[in-house]
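These notes concern the structure reproduced below.
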Amino acid sequence: MYNLTIPISDEQIRELKIGDSVFLSGVIITGRDTVHKWMIETFVKETRQPEGDDLEVYEAIKPLLDGGAIYHCGPVVAGLDSGDYRFVAAGPTTSTREEPYQGDVMRHFNMKAVIGKGGMGSQTLAACHEVPGVYLHAIGGAASLIAQSVQRVIDVHKLDFGVPEAMWVIEVKDFPVVVTMDSHNSSIHAEVETKSMVELERLLAS
Amino acid sequence: MDDLTSAFLELIRLTSTDLSPDVEQSLIQARDREAAGSAAKSALDAVLQNVTLAREQSTPICQDTGTPIFYVQYPLGWSTKKLREQIRSAVAAATSLAYLRPNAVDAISGVNSGNNLGDEAFPTIHFDEIEGEELIVDLMLKGGGCENVGAQYSLPDRRLDAGRDMEGIRKVVLDAVCKAQGKGCAPGVLGVAVGGDRGSSYYGSKEALFRKLDEPNPDPDLDSFEERLTEEANRLGIGPMGFGGATTVLGTKIRGMHRLPASFFVSVSYMCWAHRRRRMTVRGSDIQYS
Ligand code: SF4
């Protein structure tokens with residue numbers, strides 16, 4: 001059992017192995033499909049010109065992501081009218097959709113952790129090795145519990161992407177996650193899949 | 001006939017926020033079977049804490065409150081039209097009270113109706129007239145992540161070398177569990193229908209999920225077959241959330257149906273750990289929930 005606080009150092013990351021349970025605390029940012037695409041196009045590949053508040057938002061999130069974490073989550077948020085935001089349900093969403101972007105985003109921002117569910121593929125695993133970083137698996141369906149670990153909503157960027165797609169800057173305390181991809185090229189997802197397929201072959205042959 | 005809208009609303013609240021004791025018990029046993037300090041154990045610990053918290057706060061167990069599926073058994077003389085109207089207004093009310101997330105998206109236009117009311121099949125309501133005086137309503141909330149990993153097989157299946165017999169059924173069910181990995185928020189419950197046409201077979205597999213986890217199959221042969229499938233599925237080692245571990249499925253529920261001589265369908269509905277289903281029984285002015 002590890003307690004990790006953001007920013008996370010390279011040494012701390014290297015210590016983590018697949019299967020480790022972690023309680024994560026500190027400031028993290030939510031981001032899903034639109035955010036990843038926006039980051040890649042505007043700042044990593046620079047295929048589109050920054051416009052509107054793009055540069056401002058970039059400067060605001062850069063220091064938070066340096067040594068920090070992004071969370072694949074489309075939250076249910078209360079207080080949208082008053083601006084007094086509160087997370088009501090905040091379970092993870094399926095991560096594989098970000099596979100084409102995630103590795104480059106990690107490298108660009110020196111991001112240490114990606115939080116989601118279902119695991120990611122070989123490109124992200126390679127980035128975990130280089131940066132170094134980890135993939136942290138949140139508990140699918142544990143919406144109330146995770147919402148409770150969100151201490152406060154600090155800020156929100158790009159609300160025009162929509163509530164689930166915006167970048168919510170939140171402070172979490174003891175957010176329960178499990179390391180399922182580490183910086184040593186190991187992935188629980190790949191291992192479990194391979195092992196279960198071997199076992200299935202055995203069962204089908206018997 | 002009384003207006004039961006508020007009773008339906010309570011049924012929805014209970015189903016979404018208060019996990020049935022049989023499922024919770026089964027999750028507790030699963031947690032206790034996992035190795036100390038393992039990722040599987042901590043996942044199930046978090047799941048169980050979440051269940052308690054949702055019950056205390058009366059908030060949804062999972063943010064995906066799924067498709068509401070109602071099975072209504074009504075005595076002679078009840079109006080199914082009125083029951084349908086009352087159920088639909090209870091669903092809309094439950095959505096505005098945040099017991100349900102707005103989940104009804106028009107597949108063609110992409111527009112979310114915002115109140116969980118879609119076409120005739122959303123919410124899904126089945127009616128069945130029965131003998132006696134009681135109105136019995138079962139509700140199940142079927143989430144999307146686990147629905148996506150469900151599968152239907154047409155036997156014989158060449159790839160799996162699965163024929164039209166129990167052995168063939170066993171092979172395809174295990175294949176479905178392996179394909180699902182942890183993606184349906186394992187540990188899940190398997191609802192399996194054998195027979196029917198493509199449509200009725202999938203319905204049958206969902207109906208099978210209403211049987212309590214600790215309630216055996218009335219057919220002793222099928223009962224031991226269910227046990228065997230659960231045990232073998234767990235040997236795959238996929239574990240909670242796909243972290244690896246002792247429990248991949250909490251149970252298997254099989255239902256035999258009739259089929260055409262030409263067809264042999266096996267349908268597997270995968271239900272995530274958040275197996276939300278409840279029953280309401282109305283007898284005169286007395287309303288019970290279980
Ligand atoms: S599969 Fe079940 S527990 Fe997982 S997110 Fe969907 S409804 Fe929730």
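By convention here, the chains of the structure tokens are called A, B, ... in the order presented, each chain's residues are numbered starting at 1, and ligands are numbered starting at 1 in the order presented.
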
If you run DSSP on this backbone, which residues of region 86-135 of chain A come out as strand (DSSP E), and could you give them as a VMD selection string? chain A and resid 86 to 89 113 to 116 134 to 135

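Near Pro60 (chain B), within 8 Å and counting only C-alpha atoms, sit A:Ala143, A:Ser144, B:Ser16, B:Thr17, B:Ala54, B:Thr65, B:Ala98, B:Tyr99, B:Leu100, not including residues fewer than 4 positions from it in the same chain.
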
When the cut-off is 8 Å and we count only C-alpha atoms, which residues of chain A are near chain B, given as a PyMOL selection string? chain A and resi 1+19-21+76+89-91+118+139-145+176+178+180+188-189+192-193+195-197+199-200+203-204

Dump as a compact mmCIF listing (two decimals), in the first residue's frame, selection limited to N, CA and C atoms:
# COMPACT_ATOMS: atom_id res chain seq x y z
N MET A 1 0.82 -1.20 0.00
CA MET A 1 0.00 0.00 0.00
C MET A 1 0.87 1.27 0.00
N GLY A 19 0.17 -4.11 -9.66
CA GLY A 19 -0.50 -4.79 -8.54
C GLY A 19 -0.48 -3.98 -7.26
N ASP A 20 0.35 -2.92 -7.21
CA ASP A 20 0.40 -2.10 -6.00
C ASP A 20 -0.88 -1.27 -5.86
N SER A 21 -1.39 -1.22 -4.63
CA SER A 21 -2.52 -0.33 -4.34
C SER A 21 -1.97 1.01 -3.90
N VAL A 76 -20.22 13.87 -12.99
CA VAL A 76 -21.52 14.51 -12.79
C VAL A 76 -21.26 15.62 -11.78
N ALA A 89 -20.72 12.39 -8.86
CA ALA A 89 -20.30 11.05 -9.25
C ALA A 89 -19.08 11.22 -10.14
N ALA A 90 -18.06 10.42 -9.88
CA ALA A 90 -16.79 10.68 -10.56
C ALA A 90 -16.03 9.40 -10.85
N GLY A 91 -16.74 8.39 -11.34
CA GLY A 91 -16.09 7.13 -11.69
C GLY A 91 -15.26 7.28 -12.95
N GLY A 118 -9.78 0.03 -17.45
CA GLY A 118 -9.68 -0.87 -18.60
C GLY A 118 -8.28 -1.01 -19.16
N ILE A 139 -11.45 2.25 -9.61
CA ILE A 139 -12.41 1.16 -9.49
C ILE A 139 -13.68 1.49 -10.25
N GLY A 140 -13.91 0.73 -11.32
CA GLY A 140 -15.07 0.97 -12.18
C GLY A 140 -16.36 0.85 -11.40
N GLY A 141 -17.19 1.86 -11.51
CA GLY A 141 -18.49 1.82 -10.85
C GLY A 141 -18.51 2.42 -9.46
N ALA A 142 -17.31 2.66 -8.89
CA ALA A 142 -17.29 3.16 -7.50
C ALA A 142 -17.48 4.68 -7.46
N ALA A 143 -18.57 5.13 -8.06
CA ALA A 143 -18.80 6.56 -8.30
C ALA A 143 -18.91 7.39 -7.02
N SER A 144 -19.65 6.88 -6.05
CA SER A 144 -19.87 7.64 -4.82
C SER A 144 -18.59 7.74 -4.01
N LEU A 145 -17.89 6.62 -3.93
CA LEU A 145 -16.65 6.58 -3.16
C LEU A 145 -15.62 7.55 -3.73
N PRO A 176 -8.53 5.94 -4.19
CA PRO A 176 -8.03 4.56 -4.27
C PRO A 176 -7.83 4.09 -5.72
N VAL A 178 -5.13 1.34 -8.40
CA VAL A 178 -4.19 0.23 -8.46
C VAL A 178 -3.28 0.44 -9.66
N THR A 180 -1.67 -0.66 -12.71
CA THR A 180 -1.82 -1.81 -13.60
C THR A 180 -0.85 -1.76 -14.78
N ILE A 188 -0.55 -5.34 -16.21
CA ILE A 188 -1.44 -6.39 -15.70
C ILE A 188 -2.40 -6.82 -16.80
N HIS A 189 -2.85 -5.86 -17.59
CA HIS A 189 -3.86 -6.17 -18.61
C HIS A 189 -3.33 -7.17 -19.62
N VAL A 192 -2.78 -10.63 -17.68
CA VAL A 192 -4.02 -11.35 -17.35
C VAL A 192 -4.66 -11.90 -18.62
N GLU A 193 -4.62 -11.11 -19.68
CA GLU A 193 -5.23 -11.57 -20.92
C GLU A 193 -4.52 -12.82 -21.46
N LYS A 195 -2.62 -14.98 -19.81
CA LYS A 195 -2.82 -16.13 -18.92
C LYS A 195 -4.22 -16.71 -19.06
N SER A 196 -5.22 -15.84 -19.14
CA SER A 196 -6.59 -16.35 -19.20
C SER A 196 -6.83 -17.07 -20.53
N MET A 197 -6.16 -16.62 -21.58
CA MET A 197 -6.35 -17.29 -22.86
C MET A 197 -5.71 -18.68 -22.87
N GLU A 199 -5.43 -20.54 -20.21
CA GLU A 199 -6.32 -21.34 -19.37
C GLU A 199 -7.59 -21.73 -20.15
N LEU A 200 -8.09 -20.78 -20.95
CA LEU A 200 -9.29 -21.07 -21.74
C LEU A 200 -9.01 -22.22 -22.71
N LEU A 203 -9.15 -25.39 -20.82
CA LEU A 203 -10.50 -25.78 -20.43
C LEU A 203 -11.30 -26.29 -21.65
N LEU A 204 -11.08 -25.64 -22.79
CA LEU A 204 -11.83 -26.05 -23.97
C LEU A 204 -11.36 -27.41 -24.48

Applying 12 Å and only C-alpha atoms, which residues near Gly162 (chain A) remain after dropping the ones on its own chain fewer than 3 positions away? List them as a PyMOL selection string. chain A and resi 31-35+74-77+80+156-159+165-168

At a cut-off of 10 Å, using only C-alpha atoms, what residues contact Ser267 (chain B)? Leave out same-chain residues fewer than 3 positions from it and give the result as number ranges by chain. B: 150-154, 169, 172-173, 176, 190-206, 254-255, 264, 270
